[in-house]
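Structure file target12.csv (CSV, C-alpha atoms) is printed below.
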```
chain,number,residue,atom,x,y,z
X,220,GLU,CA,-4.6,7.1,-11.3
X,221,LEU,CA,-3.5,3.6,-10.5
X,222,LYS,CA,-1.2,3.7,-7.5
X,223,VAL,CA,1.0,0.9,-6.2
X,224,GLU,CA,2.5,1.0,-2.8
X,225,GLN,CA,5.1,-1.3,-1.4
X,226,ASN,CA,6.4,-1.7,2.1
X,227,PRO,CA,8.9,-1.8,3.4
X,228,LEU,CA,11.2,0.0,1.0
X,229,PHE,CA,14.3,-1.2,2.7
X,230,LEU,CA,14.8,-4.5,4.4
X,231,SER,CA,17.8,-5.9,6.1
X,232,MET,CA,17.4,-9.4,7.4
X,233,GLN,CA,19.6,-12.2,8.7
X,234,GLU,CA,20.0,-15.4,6.8
X,235,GLY,CA,17.5,-18.0,7.9
X,236,LYS,CA,14.9,-15.5,8.9
X,237,ASN,CA,11.4,-15.1,7.4
X,238,TYR,CA,9.8,-11.9,6.3
X,239,THR,CA,7.0,-10.5,4.2
X,240,ILE,CA,6.9,-7.7,1.7
X,241,TYR,CA,3.5,-6.0,1.1
X,242,CYS,CA,2.0,-4.5,-2.0
X,243,ASN,CA,-1.2,-2.5,-2.0
X,244,TYR,CA,-2.8,-1.1,-5.1
X,245,SER,CA,-5.5,1.5,-5.6
X,246,THR,CA,-7.9,0.2,-8.3
X,247,THR,CA,-9.6,-2.9,-9.3
X,248,SER,CA,-7.2,-5.3,-11.0
X,249,ASP,CA,-7.0,-9.1,-11.1
X,250,ARG,CA,-3.5,-9.1,-12.3
X,251,LEU,CA,-0.4,-8.6,-10.2
X,252,TYR,CA,3.3,-9.2,-11.0
X,253,TRP,CA,6.4,-9.6,-8.9
X,254,TYR,CA,9.8,-8.9,-10.4
X,255,ARG,CA,13.3,-9.1,-9.1
X,256,GLN,CA,16.0,-6.6,-10.1
X,257,ASP,CA,19.7,-7.1,-9.5
X,258,PRO,CA,22.0,-4.0,-9.5
X,259,GLY,CA,22.6,-2.8,-13.1
X,260,LYS,CA,20.3,-5.4,-14.6
X,261,SER,CA,16.8,-5.4,-16.0
X,262,LEU,CA,13.8,-7.1,-14.5
X,263,GLU,CA,13.4,-10.8,-13.9
X,264,SER,CA,9.8,-12.1,-13.7
X,265,LEU,CA,9.1,-14.0,-10.5
X,266,PHE,CA,5.3,-14.4,-10.3
X,267,VAL,CA,2.2,-13.6,-12.2
X,268,LEU,CA,-0.9,-13.6,-10.0
X,269,LEU,CA,-4.1,-13.7,-12.0
X,270,SER,CA,-7.0,-14.2,-9.6
X,271,ASN,CA,-8.2,-13.7,-6.1
X,272,GLY,CA,-6.7,-16.1,-3.8
X,273,ALA,CA,-3.9,-17.0,-6.1
X,274,VAL,CA,-0.8,-18.4,-4.4
X,275,LYS,CA,2.5,-19.2,-6.1
X,276,GLN,CA,5.7,-20.5,-4.7
X,277,GLU,CA,9.2,-20.8,-6.1
X,278,GLY,CA,11.9,-21.9,-3.8
X,279,ARG,CA,12.1,-19.7,-0.8
X,280,LEU,CA,9.6,-17.2,-2.2
X,281,MET,CA,5.8,-17.3,-2.1
X,282,ALA,CA,3.4,-14.8,-3.5
X,283,SER,CA,-0.3,-14.4,-2.8
X,284,LEU,CA,-3.0,-12.1,-4.1
X,285,ASP,CA,-6.2,-10.8,-2.4
X,286,THR,CA,-8.1,-8.8,-5.0
X,287,LYS,CA,-10.8,-7.8,-2.5
X,288,ALA,CA,-8.2,-6.2,-0.2
X,289,ARG,CA,-6.1,-5.1,-3.2
X,290,LEU,CA,-3.1,-6.6,-1.5
X,291,SER,CA,-0.4,-8.9,-2.5
X,292,THR,CA,2.3,-10.3,-0.4
X,293,LEU,CA,5.8,-11.8,-1.1
X,294,HIS,CA,6.9,-14.0,1.7
X,295,ILE,CA,10.5,-15.0,2.1
X,296,THR,CA,11.3,-18.1,4.0
X,297,ALA,CA,14.7,-18.9,5.5
X,298,ALA,CA,16.4,-16.1,3.6
X,299,VAL,CA,19.8,-16.7,2.0
X,300,HIS,CA,22.3,-14.1,0.7
X,301,ASP,CA,21.4,-14.9,-2.9
X,302,LEU,CA,18.0,-13.3,-2.4
X,303,SER,CA,19.6,-9.9,-1.9
X,304,ALA,CA,18.0,-7.7,-4.7
X,305,THR,CA,15.3,-5.2,-5.2
X,306,TYR,CA,11.8,-6.6,-5.5
X,307,PHE,CA,9.0,-4.8,-7.4
X,308,CYS,CA,5.4,-5.5,-7.6
X,309,ALA,CA,3.4,-4.1,-10.5
X,310,VAL,CA,-0.1,-3.9,-11.7
X,311,ASP,CA,-1.7,-3.3,-15.1
X,312,ARG,CA,-5.2,-2.1,-15.8
X,313,LEU,CA,-5.8,-4.5,-18.5
X,314,ALA,CA,-3.9,-7.3,-20.2
X,315,GLY,CA,-1.4,-5.8,-22.6
X,316,TYR,CA,-1.3,-2.4,-20.9
X,317,ALA,CA,1.8,-0.8,-19.4
X,318,LEU,CA,2.7,-1.7,-15.8
X,319,ASN,CA,2.5,0.6,-12.8
X,320,PHE,CA,5.3,-0.3,-10.5
X,321,GLY,CA,5.7,0.0,-6.8
X,322,LYS,CA,8.7,1.8,-5.5
X,323,GLY,CA,10.5,-1.4,-4.9
X,324,THR,CA,11.8,-3.2,-1.8
X,325,SER,CA,15.6,-3.3,-1.5
X,326,LEU,CA,16.4,-6.5,0.3
X,327,LEU,CA,19.8,-7.2,1.9
X,328,VAL,CA,20.3,-10.6,3.5
X,329,THR,CA,23.2,-10.7,5.9
X,330,PRO,CA,25.1,-13.6,7.5
L,511,GLY,CA,16.2,-17.1,-24.1
L,512,ALA,CA,15.6,-13.4,-24.4
L,513,VAL,CA,12.6,-12.5,-26.5
L,514,VAL,CA,13.1,-8.8,-26.4
L,515,SER,CA,16.5,-7.5,-27.5
L,516,GLN,CA,17.6,-4.0,-26.5
L,517,HIS,CA,20.7,-2.3,-27.8
L,518,PRO,CA,23.0,-0.7,-26.9
L,519,SER,CA,23.4,-1.9,-23.3
L,520,TRP,CA,25.6,1.0,-22.4
L,521,VAL,CA,26.1,4.5,-23.9
L,522,ILE,CA,28.4,7.2,-22.8
L,523,CYS,CA,28.3,10.4,-24.8
L,524,LYS,CA,28.8,14.1,-24.7
L,525,SER,CA,26.1,16.6,-23.8
L,526,GLY,CA,24.2,17.7,-26.9
L,527,THR,CA,24.5,14.4,-28.7
L,528,SER,CA,21.4,12.4,-29.8
L,529,VAL,CA,21.3,8.8,-28.9
L,530,LYS,CA,19.1,6.0,-30.4
L,531,ILE,CA,18.1,2.9,-28.5
L,532,GLU,CA,16.6,0.0,-30.2
L,533,CYS,CA,14.1,-2.6,-28.9
L,534,ARG,CA,13.4,-5.7,-31.0
L,535,SER,CA,11.0,-8.5,-30.4
L,536,LEU,CA,12.9,-11.6,-31.6
L,537,ASP,CA,10.3,-14.3,-32.2
L,538,PHE,CA,7.0,-12.6,-32.0
L,539,GLN,CA,5.2,-9.5,-33.4
L,540,ALA,CA,4.7,-6.6,-31.0
L,541,THR,CA,2.2,-4.0,-32.1
L,542,THR,CA,2.8,-2.2,-28.8
L,543,MET,CA,5.9,-1.7,-26.8
L,544,PHE,CA,6.6,0.3,-23.7
L,545,TRP,CA,9.5,2.5,-22.8
L,546,TYR,CA,10.3,3.0,-19.1
L,547,ARG,CA,13.0,5.1,-17.4
L,548,GLN,CA,14.6,4.3,-14.1
L,549,PHE,CA,16.7,6.7,-12.2
L,550,PRO,CA,19.2,5.3,-9.6
L,551,LYS,CA,17.5,3.7,-6.6
L,552,GLN,CA,14.1,4.5,-8.0
L,553,SER,CA,11.3,2.6,-9.6
L,554,LEU,CA,10.5,2.2,-13.2
L,555,MET,CA,8.4,5.0,-14.7
L,556,LEU,CA,6.5,4.7,-17.9
L,557,MET,CA,7.6,7.2,-20.4
L,558,ALA,CA,5.6,6.3,-23.5
L,559,THR,CA,3.7,3.6,-25.3
L,560,SER,CA,5.0,2.9,-28.8
L,561,ASN,CA,2.3,1.9,-31.3
L,562,GLU,CA,3.1,0.3,-34.6
L,563,GLY,CA,1.6,2.3,-37.4
L,564,SER,CA,0.6,5.3,-35.3
L,565,LYS,CA,2.0,7.9,-33.0
L,566,ALA,CA,3.4,7.1,-29.7
L,567,THR,CA,1.4,8.0,-26.5
L,568,TYR,CA,3.5,9.9,-24.0
L,569,GLU,CA,3.0,10.1,-20.3
L,570,GLN,CA,2.4,13.4,-18.7
L,571,GLY,CA,5.6,15.4,-18.3
L,572,VAL,CA,7.6,13.5,-20.9
L,573,GLU,CA,8.7,15.8,-23.8
L,574,LYS,CA,7.7,14.2,-27.0
L,575,ASP,CA,10.1,16.4,-29.0
L,576,LYS,CA,13.0,15.3,-26.9
L,577,PHE,CA,12.2,11.6,-26.7
L,578,LEU,CA,11.4,10.6,-30.2
L,579,ILE,CA,9.7,7.2,-30.6
L,580,ASN,CA,9.4,5.3,-33.8
L,581,HIS,CA,7.7,1.9,-34.2
L,582,ALA,CA,9.0,1.1,-37.6
L,583,SER,CA,7.8,-2.4,-37.8
L,584,LEU,CA,6.0,-5.1,-35.9
L,585,THR,CA,9.3,-6.1,-34.4
L,586,LEU,CA,11.2,-2.9,-33.8
L,587,SER,CA,10.7,0.2,-31.7
L,588,THR,CA,13.3,2.9,-31.3
L,589,LEU,CA,13.7,5.7,-28.7
L,590,THR,CA,15.9,8.6,-29.7
L,591,VAL,CA,17.0,11.0,-26.9
L,592,THR,CA,17.7,14.2,-28.8
L,593,SER,CA,20.2,16.7,-27.6
L,594,ALA,CA,20.9,14.7,-24.5
L,595,HIS,CA,21.9,16.4,-21.3
L,596,PRO,CA,23.3,15.1,-18.0
L,597,GLU,CA,19.8,15.0,-16.5
L,598,ASP,CA,18.8,12.5,-19.1
L,599,SER,CA,21.3,10.0,-17.7
L,600,SER,CA,19.3,7.1,-16.6
L,601,PHE,CA,18.5,3.4,-17.2
L,602,TYR,CA,16.0,3.0,-20.1
L,603,ILE,CA,14.1,-0.3,-20.4
L,604,CYS,CA,11.7,-1.4,-23.1
L,605,SER,CA,9.1,-4.1,-22.8
L,606,ALA,CA,6.5,-5.8,-24.9
L,607,PRO,CA,3.2,-7.4,-23.9
L,608,ALA,CA,3.3,-11.2,-23.8
L,609,GLU,CA,1.4,-13.2,-26.4
L,610,GLN,CA,-0.8,-14.7,-23.8
L,611,ASP,CA,-2.7,-12.8,-21.1
L,612,PHE,CA,-1.4,-15.0,-18.3
L,613,GLN,CA,2.3,-14.4,-19.2
L,614,PRO,CA,4.4,-11.6,-17.8
L,615,GLN,CA,5.6,-8.8,-20.1
L,616,HIS,CA,8.9,-9.3,-21.9
L,617,PHE,CA,11.6,-6.9,-20.8
L,618,GLY,CA,14.7,-5.9,-22.6
L,619,ASP,CA,18.0,-5.9,-20.8
L,620,GLY,CA,18.0,-2.1,-20.5
L,621,THR,CA,20.3,0.7,-21.7
L,622,ARG,CA,22.5,2.6,-19.3
L,623,LEU,CA,22.8,6.1,-20.7
L,624,SER,CA,25.4,8.4,-19.3
L,625,ILE,CA,25.7,11.9,-20.6
L,626,LEU,CA,28.9,13.8,-19.7
```
Could you show the structure in this file as structure tokens?
Amino acid sequence: ELKVEQNPLFLSMQEGKNYTIYCNYSTTSDRLYWYRQDPGKSLESLFVLLSNGAVKQEGRLMASLDTKARLSTLHITAAVHDLSATYFCAVDRLAGYALNFGKGTSLLVTP
Amino acid sequence: GAVVSQHPSWVICKSGTSVKIECRSLDFQATTMFWYRQFPKQSLMLMATSNEGSKATYEQGVEKDKFLINHASLTLSTLTVTSAHPEDSSFYICSAPAEQDFQPQHFGDGTRLSIL
């Protein structure tokens, strides 16, 4: 069974601070996804990481993938309130297969 | 723009009612679609994989007679919650694999189902 574990599950941080969300998964996969979900909404794709060592950045968010350690990180730089949301990482066994999601990290950025 | 259209976005109905949710791929063909369920403050859990031209594949613990899936064409999959009860109240989201391996899946906007 493919397991995906995220931590922390809840994160309250002040604006301007940096923090990292971690995502571990239990089986070999070269593909990892990060999504954002706002309350009452569906998922918004943030990053697709497709190979070992992949690093992608968009604004204040940067994601990386270490397939040997089966670990991905989502780093938040100088957080702002607009980043408050729930962030999910997900893994699929093969391209075109269903996704296995982590439990999500609920992020609250406060003034 | 959205490439997977899901309707309705919100349903409120009485216990015992059957509810149909549609998921359409708008500008591509999807031989496979996925149905997820998300309870409040929880993650998305795969319910079933919808396959065009064949039976759906259900995850363990999902009642196939209660959650009927029909993949009527290459652009449409439907999920029917039969005889819905309050415990079926949840957020249902469909998705379709992207056309290219390096692209993320396309998610519908979700359906909020509330059973009174």
Using atom CA of Ile579 of chain L and atom CA of Leu318 of chain X as the two end points, give the distance in Å to one decimal. 18.6 Å
Set the distance at 12 Å and use only C-alpha atoms: which residues neighbour Ala594 of chain L once local chain neighbours fewer than 2 positions away are removed? I'd like the list as a list of chain:residue names. L:Val521, L:Ile522, L:Cys523, L:Lys524, L:Ser525, L:Gly526, L:Thr527, L:Ser528, L:Val529, L:Lys530, L:Asp575, L:Lys576, L:Phe577, L:Leu578, L:Thr590, L:Val591, L:Thr592, L:Pro596, L:Glu597, L:Asp598, L:Ser599, L:Ser600, L:Leu623, L:Ser624, L:Ile625, L:Leu626
Can you work out the spacing between atom CA of Gln570 of chain L and atom CA of Tyr241 of chain X in Å, to one decimal? 27.7 Å
Using all atoms listed in the file, which of L:Thr541, L:Gly563, L:Arg622, L:Gln615 sits nearest Ala314 of chain X?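 Of all the options, L:Gln615 lies closest to Ala314 of chain X.
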Between atom CA of Glu263 of chain X and atom CA of Thr585 of chain L, what distance in Å does the model show, to one decimal?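 Computing it gives 21.4 Å between the two atoms.
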Which residues are near segment 275-279 of chain X? Cut-off 8 Å, only C-alpha atoms, ignore same chain within fewer than 2 positions. Put them as a list in words.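 Close residues of segment 275-279 of chain X: Phe266, Leu268, Ala273, Met281, Ala282, Ser283, Ile295, Thr296, Ala297 and Ala298 of chain X.
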Taking 5 positions as the minimum chain separation for residues in the same chain, which residues sit within 10 Å of Asp611 of chain L when counting all atoms listed in the file? Answer as a ChimeraX atom specification. /X:250,269,313-315
